[in-house]
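Student: Attaching a single structure in structure tokens format; questions to follow.
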Amino acid sequence: MAAGPGDRPRRNTIIRVLLQVVTAAALAVNAYVHADLAHAFDPVGQQISQGTLFRLEAAVASLAALLVLLLGRRRPVWVFAFLVSVSALGAVLLYRYVNVGALGPLPNMYEPAWWPKKTASAIAEAVGAVTSLAGFLITGPPRSTSTRAGAPRGDKADGVGG
């Protein structure tokens, strides 16, 4: 039996929900690893410790995970999740391969090694970046109220047409 036009919205909903779950799980792994390691990095830094930055990352990733689960129909939520994931991935890669040094009040977080929790966090951040981008792309812009009400495009209810 061929798929009808009514199957597309259902398929997109299933894909979006799957992306919500995977993205939230990736963000949760990111949050867990940063929260778990924060205490070990409290001594790193003077004005702002690396432990404080890890706690902040854990909180922001947790918030993004909750928003994706609760409000995954909204594009700005996917943008936020993408920015959280890609910025965390960018930071871990930068500080793994480049000795940036201290930047103003931020500590020197250079650490030229991979270890299991760091690797798990980086993988989760990469997965979160990809799935949140996919979620953004399939979530599409909000429809106008007339389109939601079933008025055809170009109808006077849209304010277009004459």
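Here, A, B, ... name the chains of the structure tokens in the order displayed, residue numbers run from 1 inside each chain, and ligands are numbered from 1 in the same displayed order.
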Fewer than 5 positions away in the same chain doesn't count, so skip those; otherwise give me all residues within 9 Å of range 16-33 of chain A, counting only C-alpha atoms, as JSON, numbers by chain.

Tutor: {"A": [11, 38, 54, 55, 57, 58, 59, 60, 61, 62, 63, 64, 65, 66, 67, 68, 69, 70, 72, 73, 81, 84, 85, 88, 117, 118, 120, 121, 122, 123, 124, 125, 126, 127, 128, 129, 130, 131, 132, 134, 135, 138, 139]}

Student: Take the residues just selected and output them with N, CA and C atoms as a compact mmCIF listing (two decimals), in the first residue's frame.

Tutor:
# COMPACT_ATOMS: atom_id res chain seq x y z
N ARG A 11 5.03 10.82 9.87
CA ARG A 11 6.42 10.39 9.78
C ARG A 11 7.35 11.47 10.34
N ALA A 38 33.45 18.26 37.70
CA ALA A 38 33.65 19.66 38.14
C ALA A 38 34.54 19.78 39.37
N PHE A 54 32.68 23.99 34.29
CA PHE A 54 32.07 22.68 34.08
C PHE A 54 30.66 22.64 34.67
N ARG A 55 30.47 23.22 35.85
CA ARG A 55 29.13 23.26 36.45
C ARG A 55 28.17 24.09 35.59
N GLU A 57 28.41 24.53 32.33
CA GLU A 57 28.12 23.70 31.15
C GLU A 57 27.08 22.63 31.49
N ALA A 58 27.23 22.01 32.65
CA ALA A 58 26.27 20.97 33.07
C ALA A 58 24.86 21.56 33.20
N ALA A 59 24.76 22.75 33.77
CA ALA A 59 23.45 23.38 33.95
C ALA A 59 22.82 23.76 32.61
N VAL A 60 23.62 24.34 31.73
CA VAL A 60 23.10 24.77 30.42
C VAL A 60 22.71 23.55 29.58
N ALA A 61 23.52 22.51 29.61
CA ALA A 61 23.19 21.29 28.86
C ALA A 61 21.92 20.63 29.41
N SER A 62 21.77 20.66 30.73
CA SER A 62 20.54 20.11 31.35
C SER A 62 19.32 20.90 30.92
N LEU A 63 19.44 22.21 30.93
CA LEU A 63 18.33 23.07 30.48
C LEU A 63 17.99 22.79 29.02
N ALA A 64 19.00 22.68 28.19
CA ALA A 64 18.76 22.40 26.77
C ALA A 64 18.06 21.05 26.59
N ALA A 65 18.48 20.05 27.35
CA ALA A 65 17.85 18.73 27.25
C ALA A 65 16.37 18.81 27.62
N LEU A 66 16.06 19.50 28.70
CA LEU A 66 14.66 19.65 29.11
C LEU A 66 13.84 20.41 28.07
N LEU A 67 14.41 21.48 27.55
CA LEU A 67 13.68 22.26 26.54
C LEU A 67 13.42 21.45 25.28
N VAL A 68 14.40 20.67 24.85
CA VAL A 68 14.22 19.84 23.66
C VAL A 68 13.09 18.83 23.89
N LEU A 69 13.05 18.23 25.07
CA LEU A 69 12.00 17.26 25.36
C LEU A 69 10.62 17.90 25.46
N LEU A 70 10.56 19.08 26.09
CA LEU A 70 9.27 19.71 26.34
C LEU A 70 8.78 20.59 25.20
N GLY A 72 10.12 20.68 21.79
CA GLY A 72 10.82 20.28 20.57
C GLY A 72 10.12 20.65 19.28
N ARG A 73 8.94 21.22 19.36
CA ARG A 73 8.25 21.67 18.14
C ARG A 73 8.69 23.08 17.73
N ALA A 81 19.91 24.10 21.56
CA ALA A 81 20.55 22.79 21.75
C ALA A 81 21.79 22.65 20.86
N VAL A 84 24.63 24.86 22.31
CA VAL A 84 25.21 24.23 23.51
C VAL A 84 26.13 23.09 23.10
N SER A 85 25.65 22.21 22.22
CA SER A 85 26.44 21.04 21.82
C SER A 85 27.69 21.42 21.04
N ALA A 88 30.38 23.24 23.19
CA ALA A 88 31.08 22.32 24.08
C ALA A 88 32.06 21.44 23.29
N LYS A 117 35.93 9.54 30.04
CA LYS A 117 34.82 10.49 30.25
C LYS A 117 34.90 11.66 29.27
N LYS A 118 36.09 12.11 28.98
CA LYS A 118 36.27 13.20 28.02
C LYS A 118 35.82 12.75 26.63
N ALA A 120 33.67 10.28 25.96
CA ALA A 120 32.21 10.11 25.99
C ALA A 120 31.50 11.45 25.84
N SER A 121 32.01 12.46 26.52
CA SER A 121 31.43 13.79 26.43
C SER A 121 31.55 14.34 25.02
N ALA A 122 32.71 14.20 24.40
CA ALA A 122 32.93 14.71 23.05
C ALA A 122 32.01 14.00 22.04
N ILE A 123 31.87 12.70 22.18
CA ILE A 123 30.98 11.95 21.29
C ILE A 123 29.54 12.42 21.48
N ALA A 124 29.12 12.57 22.73
CA ALA A 124 27.76 13.04 23.01
C ALA A 124 27.53 14.44 22.45
N GLU A 125 28.53 15.29 22.57
CA GLU A 125 28.40 16.65 22.04
C GLU A 125 28.28 16.64 20.51
N ALA A 126 29.05 15.77 19.86
CA ALA A 126 28.96 15.66 18.39
C ALA A 126 27.59 15.12 17.98
N VAL A 127 27.11 14.10 18.67
CA VAL A 127 25.78 13.55 18.37
C VAL A 127 24.71 14.62 18.60
N GLY A 128 24.83 15.34 19.71
CA GLY A 128 23.87 16.40 20.01
C GLY A 128 23.87 17.50 18.96
N ALA A 129 25.04 17.83 18.46
CA ALA A 129 25.13 18.87 17.42
C ALA A 129 24.43 18.41 16.14
N VAL A 130 24.69 17.18 15.74
CA VAL A 130 24.10 16.66 14.49
C VAL A 130 22.59 16.50 14.63
N THR A 131 22.14 15.91 15.73
CA THR A 131 20.70 15.67 15.88
C THR A 131 19.92 16.95 16.11
N SER A 132 20.53 17.91 16.79
CA SER A 132 19.81 19.19 16.98
C SER A 132 19.72 19.96 15.67
N ALA A 134 19.53 18.49 12.73
CA ALA A 134 18.47 17.76 12.01
C ALA A 134 17.09 18.14 12.56
N GLY A 135 16.97 18.25 13.86
CA GLY A 135 15.70 18.65 14.46
C GLY A 135 15.27 20.02 14.00
N ILE A 138 13.99 19.75 10.27
CA ILE A 138 12.68 19.13 10.01
C ILE A 138 11.55 19.84 10.73
N THR A 139 11.87 20.73 11.67
CA THR A 139 10.82 21.39 12.44
C THR A 139 10.20 22.55 11.67

Student: Please identify which residues in range 38-131 of chain A DSSP calls alpha helix (DSSP H) from the backbone, and express them as a PyMOL selection string.

Tutor: chain A and resi 50-71+75-97+116-131

Student: Would you please work out which residue, of A:Leu94, A:Leu133, A:Leu56, A:Met109, is nearest to His34 in chain A when using only C-alpha atoms?

Tutor: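 Checking each candidate against His34 in chain A, we get A:Leu56 as the closest.
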